[in-house]
Amino acid sequence: MTDFINIFSYSFMLRALIVGVLISLCSALLGTSLVLKRYSMIGDGLSHVGFGALALSSALHLSPLSVAIPVVVIAAVFLLRLTSSSRLKGDSAIAVISTCALAIGVIIVSVSGTNTDLSNYMFGSILSLTTADTVTSVIVTVIVAILFIFFYHRIFAVTFDEDFSVATGVKASFINTVLAVLTSVTVVIGMRMMGTLLVSSLIIFPPLSAIRLCKTFKGVTITCAIISVTAFLLGLMLSYELSLPTGATIVVTNLSLMLISFIIDKIKNHIKRKKSDS
């Protein structure tokens with residue numbers, strides 16, 4: 001344990017810790033609304049778009065964030081408009097965009113002959129995080145925190161009944177666009193840590209766990225944030241102690257916490273039934 005703490009004296013591990021905690025927090029907050037709206041797979045779709053963008057930046061020898069963030073943000077807004085204004089809904093729209101982006105990324109890599117280790121993009125490399133990633137994650141976290149503090153009731157309304165929220169004067173399209181943009185940036189940074197194939201777990205698992213433990217939106221949101229950060233820290237520690245891939249270990253840790261939350265929920269329901277019967 002002491003050795004694990006000592007590794008944070010290295011700058012690259014300190015960056016990994018800061019970015020990991022902040023991205024886990026942002027993913028949990030944004031994921032709560034996305035999961036409750038049954039739109040959680042947007043994270044997976046955007047990560048595939050991010051893979052294509054990172055492949056393009058590598059082929060053009062440009063900064064990954066300078067290319068990936070604008071491309072993924074545009075894709076998120078386009079996906080939002082596509083699902084709300086056409087017959088191509090939800091998972092179908094995500095599947096079309098994600099598979100096309102992934103295919104384009106593979107073609108770019110093949111044609112350009114880049115020497116970049118793209119396995120880092122697919123499975124993540126927490127040690128590859130840069131100072132720019134750290135700064136971006138801090139900015140995004142501040143914006144997400146401000147959004148949930150000052151627009152909590154509007155996010156709540158849009159999450160559970162978008163039509164009613166519009167009728168009461170809430171600009172649902174604006175809220176959805178902001179959430180999509182913030183999710184895009186979170187996914188881009190998160191996929192550098194977790195990889196294209198694993199980053200969506202940060203958005204999906206913590207909310208599913210929190211929903212089993214809490215019955216209110218505020219309770220779910222707070223619990224989700226705690227679970228997400230805890231899973232990251234436990235996963236990071238286990239990956240170091242057991243010499244396991246960091247991203248995959250964080251996913252398995254999230255899965256374990258979700259299974260524990262399911263068991264706790266079953267026990268609570270069983271106790272309630274016994275009390276009602278008596």
# chains A, B, ... in the order shown; residues from 1 in each chain; ligands from 1

$ residues_around --residues "region 123-133 of chain A" --least-positions-apart "2" --cutoff "7 Å" --atoms "only C-alpha atoms" --output "list in words"
Phe12, Met13, Arg15, Ala16, Ser119, Asn120, Tyr121, Val135, Thr136, Ser137, Ile189, Met191, Arg192, Met193, Met194, Gly195, Thr196, Leu197, Leu198 and Gly247 of chain A

$ closest_residue --among "A:Leu259, A:Leu213, A:Cys26, A:Ser112" --to "Ala145 (chain A)" --atoms "only C-alpha atoms"
A:Cys26

$ closest_atom_pairs --of "region 19-97 of chain A" --to "region 160-169 of chain A" --cutoff "10 Å" --atoms "only C-alpha atoms" --output "Markdown table"
| residue | atom | partner | partner_atom | distance |
| --- | --- | --- | --- | --- |
| A:Ser33 | CA | A:Phe160 | CA | 8.7 |
| A:Leu36 | CA | A:Phe160 | CA | 7.5 |
| A:Lys37 | CA | A:Phe160 | CA | 7.0 |

$ residues_around --residues "region 234-236 of chain A" --least-positions-apart "3" --cutoff "9 Å" --atoms "only C-alpha atoms" --output "number ranges by chain"
A: 17, 229-231, 239-241, 246-254

$ closest_residue --among "A:Phe205, A:Met41, A:Gly50, A:Ile74" --to "Ala93 (chain A)" --atoms "only C-alpha atoms"
A:Met41

$ select_by_dssp --residues "region 21-270 of chain A" --states "alpha helix (DSSP H)" --output "PyMOL selection string"
chain A and resi 21-36+42-59+64-85+90-112+119-123+131-150+152-160+162-167+172-194+200-213+217-242+246-270

$ atom_distance --atom1 "CA of Leu62 (chain A)" --atom2 "CA of Ala180 (chain A)"
24.5 Å

$ closest_residue --among "A:Thr32, A:Val67, A:Thr134, A:Phe150" --to "Gly219 (chain A)" --atoms "only C-alpha atoms"
A:Thr32

$ atom_distance --atom1 "CA of Tyr10 (chain A)" --atom2 "CA of Gly190 (chain A)"
20.7 Å

$ residues_around --residues "Leu34 (chain A)" --least-positions-apart "5" --cutoff "12 Å" --atoms "only C-alpha atoms" --output "PyMOL selection string"
chain A and resi 27-29+39-43+90+155-156+158-160+176+179-180+182-183+200+202-208+221

$ closest_residue --among "A:Ala172, A:Leu30, A:Val199, A:Val138" --to "Ala225 (chain A)" --atoms "only C-alpha atoms"
A:Leu30

$ residues_around --residues "Leu54 (chain A)" --least-positions-apart "3" --cutoff "10 Å" --atoms "only C-alpha atoms" --output "compact mmCIF listing (two decimals) with C-alpha atoms, in the first residue's frame"
# COMPACT_ATOMS: atom_id res chain seq x y z
CA HIS A 48 -15.82 5.16 -31.75
CA VAL A 49 -16.02 8.59 -33.35
CA GLY A 50 -13.15 9.61 -31.09
CA PHE A 51 -11.10 6.66 -32.36
CA SER A 57 -4.79 13.41 -35.84
CA SER A 58 -2.06 10.77 -35.72
CA ALA A 59 -1.93 10.54 -39.51
CA LEU A 60 -1.73 14.34 -39.84
CA LEU A 62 -1.60 17.00 -35.04
CA SER A 63 -2.46 17.29 -31.36
CA PRO A 64 -4.99 14.55 -30.46
CA LEU A 65 -7.23 16.83 -28.40
CA SER A 66 -7.27 19.61 -31.01
CA VAL A 67 -8.77 17.20 -33.53
CA ALA A 68 -10.76 14.75 -31.42
CA ILE A 69 -12.71 17.19 -29.26
CA VAL A 71 -14.98 16.18 -34.21
CA GLY A 105 -10.41 5.27 -38.45
CA VAL A 109 -4.51 3.99 -40.13
CA LEU A 118 -3.33 2.44 -31.72
CA TYR A 121 -6.62 4.08 -28.28
CA VAL A 188 -12.47 11.93 -25.54
CA ARG A 192 -7.30 8.02 -23.66

$ atom_distance --atom1 "CA of Cys214 (chain A)" --atom2 "CA of Leu255 (chain A)"
17.8 Å

$ decode --residues "region 20-66 of chain A" --atoms "C-alpha atoms" --output "PDB file, in the first residue's frame"
ATOM      1  CA  GLY A  20      -9.027   9.634 -13.530  1.00  0.00           C
ATOM      2  CA  VAL A  21     -10.870  11.032 -10.527  1.00  0.00           C
ATOM      3  CA  LEU A  22     -12.243  14.038 -12.440  1.00  0.00           C
ATOM      4  CA  ILE A  23     -13.330  12.048 -15.509  1.00  0.00           C
ATOM      5  CA  SER A  24     -14.942   9.414 -13.275  1.00  0.00           C
ATOM      6  CA  LEU A  25     -16.849  12.195 -11.520  1.00  0.00           C
ATOM      7  CA  CYS A  26     -17.977  13.843 -14.782  1.00  0.00           C
ATOM      8  CA  SER A  27     -18.953  10.509 -16.322  1.00  0.00           C
ATOM      9  CA  ALA A  28     -21.068   9.672 -13.287  1.00  0.00           C
ATOM     10  CA  LEU A  29     -22.915  12.997 -13.221  1.00  0.00           C
ATOM     11  CA  LEU A  30     -23.571  13.031 -16.964  1.00  0.00           C
ATOM     12  CA  GLY A  31     -24.234   9.309 -17.051  1.00  0.00           C
ATOM     13  CA  THR A  32     -27.016   9.575 -14.470  1.00  0.00           C
ATOM     14  CA  SER A  33     -29.154  11.616 -16.838  1.00  0.00           C
ATOM     15  CA  LEU A  34     -28.156   9.573 -19.906  1.00  0.00           C
ATOM     16  CA  VAL A  35     -28.945   6.217 -18.303  1.00  0.00           C
ATOM     17  CA  LEU A  36     -32.300   7.386 -16.929  1.00  0.00           C
ATOM     18  CA  LYS A  37     -33.187   8.696 -20.400  1.00  0.00           C
ATOM     19  CA  ARG A  38     -32.140   5.311 -21.848  1.00  0.00           C
ATOM     20  CA  TYR A  39     -29.494   7.017 -23.931  1.00  0.00           C
ATOM     21  CA  SER A  40     -26.442   5.537 -22.223  1.00  0.00           C
ATOM     22  CA  MET A  41     -24.871   3.979 -25.324  1.00  0.00           C
ATOM     23  CA  ILE A  42     -24.084   7.446 -26.658  1.00  0.00           C
ATOM     24  CA  GLY A  43     -20.788   7.131 -24.791  1.00  0.00           C
ATOM     25  CA  ASP A  44     -19.877   4.028 -26.752  1.00  0.00           C
ATOM     26  CA  GLY A  45     -20.854   5.659 -30.045  1.00  0.00           C
ATOM     27  CA  LEU A  46     -18.882   8.822 -29.353  1.00  0.00           C
ATOM     28  CA  SER A  47     -15.814   6.821 -28.321  1.00  0.00           C
ATOM     29  CA  HIS A  48     -15.825   5.162 -31.753  1.00  0.00           C
ATOM     30  CA  VAL A  49     -16.018   8.595 -33.347  1.00  0.00           C
ATOM     31  CA  GLY A  50     -13.147   9.606 -31.095  1.00  0.00           C
ATOM     32  CA  PHE A  51     -11.098   6.663 -32.356  1.00  0.00           C
ATOM     33  CA  GLY A  52     -11.540   7.871 -35.920  1.00  0.00           C
ATOM     34  CA  ALA A  53     -10.580  11.408 -34.911  1.00  0.00           C
ATOM     35  CA  LEU A  54      -7.490  10.241 -33.008  1.00  0.00           C
ATOM     36  CA  ALA A  55      -6.428   8.141 -35.986  1.00  0.00           C
ATOM     37  CA  LEU A  56      -6.812  11.220 -38.207  1.00  0.00           C
ATOM     38  CA  SER A  57      -4.787  13.408 -35.835  1.00  0.00           C
ATOM     39  CA  SER A  58      -2.065  10.768 -35.722  1.00  0.00           C
ATOM     40  CA  ALA A  59      -1.927  10.538 -39.509  1.00  0.00           C
ATOM     41  CA  LEU A  60      -1.734  14.340 -39.841  1.00  0.00           C
ATOM     42  CA  HIS A  61       0.725  14.652 -36.918  1.00  0.00           C
ATOM     43  CA  LEU A  62      -1.604  16.998 -35.035  1.00  0.00           C
ATOM     44  CA  SER A  63      -2.457  17.289 -31.358  1.00  0.00           C
ATOM     45  CA  PRO A  64      -4.990  14.552 -30.463  1.00  0.00           C
ATOM     46  CA  LEU A  65      -7.230  16.826 -28.401  1.00  0.00           C
ATOM     47  CA  SER A  66      -7.274  19.606 -31.007  1.00  0.00           C
TER      48      SER A  66
END
